[in-house]
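Note: the block below is model39.cif and it holds mmCIF, C-alpha atoms.
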data_start
loop_
_atom_site.label_atom_id
_atom_site.label_comp_id
_atom_site.auth_asym_id
_atom_site.auth_seq_id
_atom_site.Cartn_x
_atom_site.Cartn_y
_atom_site.Cartn_z
CA MET A 6 3.91 44.91 -36.17
CA LYS A 7 1.47 45.55 -33.37
CA ILE A 8 -2.07 46.00 -34.52
CA LYS A 9 -5.19 46.97 -32.66
CA THR A 10 -8.24 44.92 -33.61
CA ASN A 11 -11.54 44.20 -31.96
CA VAL A 12 -10.23 40.79 -30.92
CA GLY A 13 -7.43 42.52 -29.02
CA GLU A 14 -3.99 43.93 -29.73
CA LEU A 15 -2.08 41.53 -31.94
CA ASP A 16 1.45 41.09 -33.08
CA VAL A 17 1.23 40.31 -36.78
CA LEU A 18 4.28 39.16 -38.71
CA ASP A 19 4.74 40.41 -42.26
CA GLU A 20 4.63 36.86 -43.59
CA ASP A 21 1.22 36.36 -41.99
CA ILE A 22 -0.44 39.24 -43.80
CA LEU A 23 -3.15 38.09 -46.19
CA VAL A 24 -3.86 40.26 -49.20
CA PHE A 25 -7.32 40.47 -50.76
CA ASN A 26 -6.66 42.41 -53.92
CA ARG A 27 -10.36 42.71 -54.67
CA GLY A 28 -11.31 43.33 -51.09
CA LEU A 29 -14.28 41.42 -49.74
CA PRO A 30 -17.83 42.33 -50.78
CA GLY A 31 -18.93 44.90 -48.22
CA PHE A 32 -15.34 45.77 -47.38
CA GLU A 33 -13.95 46.46 -50.82
CA GLU A 34 -11.60 49.14 -49.59
CA LEU A 35 -9.87 46.79 -47.13
CA ARG A 36 -7.08 44.72 -48.60
CA ARG A 37 -4.91 43.46 -45.80
CA PHE A 38 -6.09 40.93 -43.26
CA ALA A 39 -4.67 38.44 -40.81
CA LEU A 40 -6.16 35.15 -39.71
CA ILE A 41 -6.21 34.92 -35.95
CA ALA A 42 -6.99 31.81 -33.92
CA LEU A 43 -8.23 32.52 -30.42
CA ASN A 44 -8.33 29.68 -27.93
CA GLU A 45 -11.53 30.96 -26.40
CA THR A 46 -13.44 30.94 -29.70
CA HIS A 47 -12.02 27.71 -31.14
CA PRO A 48 -12.84 26.44 -33.78
CA ILE A 49 -13.90 29.85 -35.02
CA GLN A 50 -11.02 31.97 -36.22
CA TRP A 51 -10.99 35.63 -37.07
CA LEU A 52 -10.22 37.32 -40.32
CA VAL A 53 -9.22 40.70 -38.96
CA SER A 54 -8.65 43.79 -41.03
CA LEU A 55 -5.23 45.33 -40.58
CA GLU A 56 -6.58 48.60 -41.92
CA ASN A 57 -9.76 49.08 -39.94
CA GLU A 58 -9.58 47.98 -36.34
CA THR A 59 -13.35 47.63 -36.04
CA ILE A 60 -13.67 44.96 -38.74
CA SER A 61 -13.22 41.29 -38.00
CA LEU A 62 -15.05 38.40 -39.58
CA PRO A 63 -15.59 35.11 -37.79
CA VAL A 64 -14.60 32.25 -40.09
CA MET A 65 -14.20 28.51 -39.83
CA ASP A 66 -13.27 25.40 -41.75
CA PRO A 67 -16.41 24.52 -43.74
CA TRP A 68 -15.60 20.79 -43.60
CA LEU A 69 -15.83 20.95 -39.84
CA VAL A 70 -19.45 21.94 -40.26
CA ARG A 71 -20.36 19.99 -43.37
CA LYS A 72 -18.25 16.89 -43.62
CA ASP A 73 -18.99 16.32 -47.31
CA TYR A 74 -18.73 19.97 -48.37
CA ASP A 75 -18.08 19.95 -52.07
CA LEU A 76 -16.15 22.82 -53.59
CA ASN A 77 -14.97 23.15 -57.14
CA ILE A 78 -12.62 26.04 -57.67
CA PRO A 79 -12.63 27.07 -61.32
CA LYS A 80 -9.39 27.33 -63.25
CA ASP A 81 -9.74 31.09 -63.64
CA LEU A 82 -9.81 31.55 -59.91
CA LEU A 83 -6.83 29.26 -59.35
CA GLU A 84 -4.96 31.42 -61.84
CA PHE A 85 -6.14 34.64 -60.24
CA LEU A 86 -4.72 33.53 -56.91
CA GLY A 87 -1.60 32.10 -58.51
CA ILE A 88 -2.41 28.66 -57.13
CA GLU A 89 -0.10 25.96 -58.43
CA ASP A 90 -0.42 23.45 -55.65
CA LYS A 91 -3.98 22.62 -54.65
CA GLU A 92 -2.71 21.34 -51.32
CA LYS A 93 -1.74 24.88 -50.39
CA ILE A 94 -5.25 26.29 -50.42
CA LEU A 95 -7.06 27.38 -47.31
CA VAL A 96 -10.86 27.50 -47.52
CA LEU A 97 -12.91 29.32 -44.91
CA GLY A 98 -16.62 29.86 -44.46
CA ILE A 99 -17.73 33.19 -43.04
CA VAL A 100 -19.78 32.74 -39.90
CA ARG A 101 -22.68 34.97 -38.94
CA ILE A 102 -23.60 35.45 -35.31
CA PRO A 103 -27.22 36.59 -35.16
CA GLY A 104 -27.67 39.59 -32.89
CA THR A 105 -30.88 38.35 -31.25
CA ASN A 106 -30.08 34.63 -30.97
CA PRO A 107 -26.30 34.36 -31.04
CA GLN A 108 -26.45 30.60 -30.50
CA ASP A 109 -28.07 30.18 -33.91
CA LEU A 110 -24.79 30.58 -35.79
CA THR A 111 -24.87 30.29 -39.53
CA ILE A 112 -22.09 29.69 -42.00
CA ASN A 113 -21.84 30.90 -45.58
CA LEU A 114 -21.11 27.80 -47.65
CA ALA A 115 -22.10 29.38 -50.98
CA ALA A 116 -19.36 32.01 -51.09
CA PRO A 117 -16.26 30.77 -49.27
CA VAL A 118 -13.04 32.67 -48.71
CA ILE A 119 -10.14 31.06 -50.55
CA ILE A 120 -6.53 31.77 -49.70
CA ASN A 121 -3.38 30.68 -51.48
CA LEU A 122 -1.05 29.84 -48.62
CA GLU A 123 1.98 30.07 -50.85
CA ASN A 124 1.61 33.76 -51.61
CA ASN A 125 -1.06 34.78 -49.06
CA GLN A 126 -3.43 36.04 -51.74
CA GLY A 127 -7.09 35.67 -50.95
CA ILE A 128 -10.51 36.19 -52.48
CA GLN A 129 -14.10 35.49 -51.64
CA TYR A 130 -15.31 33.12 -54.30
CA ILE A 131 -18.85 33.86 -55.44
CA PRO A 132 -19.95 31.15 -57.86
CA GLN A 133 -22.76 31.98 -60.30
CA LYS A 134 -24.59 28.95 -59.02
CA SER A 135 -24.05 26.98 -55.88
CA ARG A 136 -25.80 24.05 -54.29
CA TYR A 137 -25.21 25.79 -50.98
CA ASN A 138 -26.70 28.85 -49.32
CA LEU A 139 -25.35 31.96 -47.71
CA ARG A 140 -26.79 30.74 -44.41
CA HIS A 141 -26.50 27.19 -43.15
CA SER A 142 -27.34 26.54 -39.53
CA ILE A 143 -24.11 25.36 -37.93
CA LYS A 144 -26.02 23.40 -35.33
CA GLU A 145 -28.03 21.51 -37.95
CA GLU A 146 -25.05 20.94 -40.22
CA MET A 147 -22.98 19.54 -37.39
CA LYS A 148 -25.76 17.20 -36.41
CA ARG A 149 -25.96 16.04 -40.00
CA SER A 150 -22.20 15.60 -40.29
CA LYS A 151 -22.11 13.62 -37.09
CA LYS A 152 -24.74 11.27 -38.44
CA LEU A 153 -22.77 10.90 -41.66
CA SER A 154 -19.53 10.13 -39.89
CA GLY A 155 -21.35 7.70 -37.61
CA GLN A 156 -22.44 5.77 -40.67
CA LYS A 157 -19.09 5.87 -42.37
CA THR A 158 -16.62 5.31 -39.58
CA ASP A 159 -18.47 2.62 -37.67
CA GLY A 160 -15.94 -0.02 -36.81
CA ASP A 161 -12.96 2.18 -37.62
CA ASN A 162 -12.21 3.04 -34.04
CA MET B 17 -23.12 56.26 -67.39
CA LEU B 18 -22.25 55.55 -70.99
CA VAL B 19 -25.34 54.39 -72.85
CA LEU B 20 -25.00 52.56 -76.17
CA ASN B 21 -27.55 51.04 -78.52
CA ARG B 22 -26.79 47.44 -79.50
CA LYS B 23 -28.68 44.90 -81.56
CA ILE B 24 -28.69 41.14 -81.10
CA ASP B 25 -25.24 39.65 -81.76
CA GLU B 26 -23.56 43.03 -81.49
CA GLU B 27 -20.78 43.44 -78.99
CA ILE B 28 -19.07 45.99 -76.81
CA TYR B 29 -15.36 45.92 -76.11
CA ILE B 30 -14.03 47.25 -72.86
CA GLU B 31 -10.28 47.61 -73.14
CA THR B 32 -8.40 47.46 -69.87
CA PRO B 33 -4.69 47.39 -69.12
CA GLU B 34 -5.15 43.74 -68.19
CA GLY B 35 -7.02 42.62 -71.28
CA ARG B 36 -10.26 43.00 -73.17
CA ILE B 37 -13.71 42.46 -71.74
CA THR B 38 -16.31 41.61 -74.37
CA VAL B 39 -20.02 41.97 -73.76
CA LYS B 40 -22.40 40.57 -76.36
CA VAL B 41 -26.15 40.84 -76.65
CA VAL B 42 -27.07 37.21 -77.18
CA GLY B 43 -30.83 37.49 -77.08
CA ILE B 44 -33.79 39.63 -76.10
CA ASP B 45 -37.03 38.29 -74.73
CA GLY B 46 -39.52 40.92 -73.62
CA ARG B 47 -37.92 42.80 -70.75
CA SER B 48 -35.14 40.29 -70.42
CA VAL B 49 -31.79 40.70 -72.16
CA LYS B 50 -29.37 37.82 -72.43
CA LEU B 51 -25.74 38.91 -72.32
CA GLY B 52 -22.65 36.92 -73.14
CA MET B 53 -19.38 37.99 -71.56
CA ASP B 54 -15.75 37.22 -72.07
CA ALA B 55 -13.18 38.51 -69.67
CA PRO B 56 -9.72 37.45 -68.58
CA GLY B 57 -9.87 35.25 -65.50
CA LYS B 58 -8.73 38.06 -63.30
CA PHE B 59 -12.05 39.83 -63.78
CA PRO B 60 -14.73 38.11 -61.79
CA ILE B 61 -18.21 38.72 -63.24
CA TYR B 62 -21.22 38.82 -60.94
CA ARG B 63 -24.91 39.33 -61.21
CA GLU B 64 -25.46 42.48 -59.22
CA GLU B 65 -28.07 41.04 -56.87
CA LEU B 66 -25.89 38.05 -56.00
CA TYR B 67 -22.96 40.30 -55.19
CA ARG B 68 -25.28 42.50 -53.09
CA GLN B 69 -26.45 39.50 -51.08
CA VAL B 70 -22.91 38.45 -50.27
CA HIS B 71 -22.09 42.09 -49.50
CA ARG B 72 -24.97 42.30 -47.04
CA GLU B 73 -24.14 38.95 -45.50
CA ASN B 74 -20.51 39.95 -44.90
CA ILE B 75 -21.47 43.21 -43.26
CA GLU B 76 -23.84 41.34 -41.00
CA ALA B 77 -21.16 38.78 -40.19
CA ALA B 78 -18.61 41.35 -39.09
CA ALA B 79 -18.59 40.90 -35.35
CA ASP B 80 -18.28 43.40 -32.56
CA LYS B 81 -16.64 42.81 -29.20
CA GLU B 82 -19.84 41.70 -27.54
CA LYS B 83 -20.42 38.97 -30.08
CA ILE B 84 -16.82 37.84 -29.87
CA LYS B 85 -17.19 37.31 -26.15
CA LYS B 86 -20.32 35.23 -26.59
CA ILE B 87 -19.07 32.98 -29.31
CA GLY B 88 -16.66 30.85 -27.29
CA LYS B 89 -19.41 29.62 -25.03
CA ILE B 90 -21.73 28.85 -27.90
CA PHE B 91 -19.23 26.63 -29.60
CA GLY B 92 -18.23 25.01 -26.39
CA ASP B 93 -21.80 23.80 -26.07
CA LEU B 94 -21.91 22.53 -29.63
CA THR B 95 -18.64 20.63 -29.60
CA ASP B 96 -18.32 19.48 -26.00
CA ASP B 97 -19.58 15.98 -26.64
CA ASP B 98 -17.12 15.57 -29.53
CA ARG B 99 -14.03 15.85 -27.39
#
Turn this file's structure into structure tokens for me.
Amino acid sequence: MKIKTNVGELDVLDEDILVFNRGLPGFEELRRFALIALNETHPIQWLVSLENETISLPVMDPWLVRKDYDLNIPKDLLEFLGIEDKEKILVLGIVRIPGTNPQDLTINLAAPVIINLENNQGIQYIPQKSRYNLRHSIKEEMKRSKKLSGQKTDGDN
Amino acid sequence: MLVLNRKIDEEIYIETPEGRITVKVVGIDGRSVKLGMDAPGKFPIYREELYRQVHRENIEAAADKEKIKKIGKIFGDLTDDDR
């Protein structure tokens, strides 16, 4: 189906529709989303609402930002999403683009979006306690990750 | 809002089509009440202020067209030297 979004008009296949049965905090009434990769914003992808064309959330792979990102998904949540195979989970961090200084991107590592790729069910996981924050500077995290990988992969290449 | 009086160790049952949610008063210390909760896994439980924070953060993260245009460049600058 053709869908108008604020990242453009998209052709979304039924099997690509992601369902957030609980909505996302702030957008509780929206249930159906699609994940769109745009070349021009790589590696940021877009979680676009299929029900409200003005809503799209920039998201990205948290491990791309924080190499040693540590996420424990509790059993309850695995059950809620019907996850049987942990390899079939997609984890995304929601990215915030500050209005005044858009280059100071932050990523939410405390409450990631988790999607079961086998049934396309998703949720935003809000742990009671997290070692991470709602805002991590992407610039700083990438610097840190680069340092880490420098230490670990020296001699590998 | 339904308001009920409960003493320490007393519980409230909330029956839902998907199972029972139990709320127990575990302790009281001055103005602070400690609650214990049992709910089937399908019912996430949040402290209100934590949920609010995530709520606010998501609304702020939702991007408009202008921001979408800018973002490609920003990331280009950050990742250029990695390619």
Exercise. Could you tell me, as a list in words, which residues have any atom at most 7 Å from (-23.4, 38.6, -31.6), counting only C-alpha atoms?
Worked result: Ile102, Pro103, Gly104 and Pro107 of chain A; Ala79, Glu82, Lys83, Ile84 and Lys86 of chain B
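Separating CA of Leu51 (chain B) from CA of Pro79 (chain A) is a distance of 20.8 Å.
What the PyMOL selection byres ((chain B) within 7 of (chain A)) grabs from this file is Gly57, Lys58, Val70, His71, Arg72, Asn74, Ile75, Glu76, Ala77, Ala78, Ala79, Asp80, Lys81, Ile87, Gly88 and Ile90 of chain B.
One finds CA of Pro67 (chain A) at 12.5 Å from CA of Asn138 (chain A).
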Exercise. So which one's closest to Val118 (chain A), A:Glu58, A:Asp21, A:Asp16, A:Asp66? Using only C-alpha atoms, please.
Worked result: A:Asp66
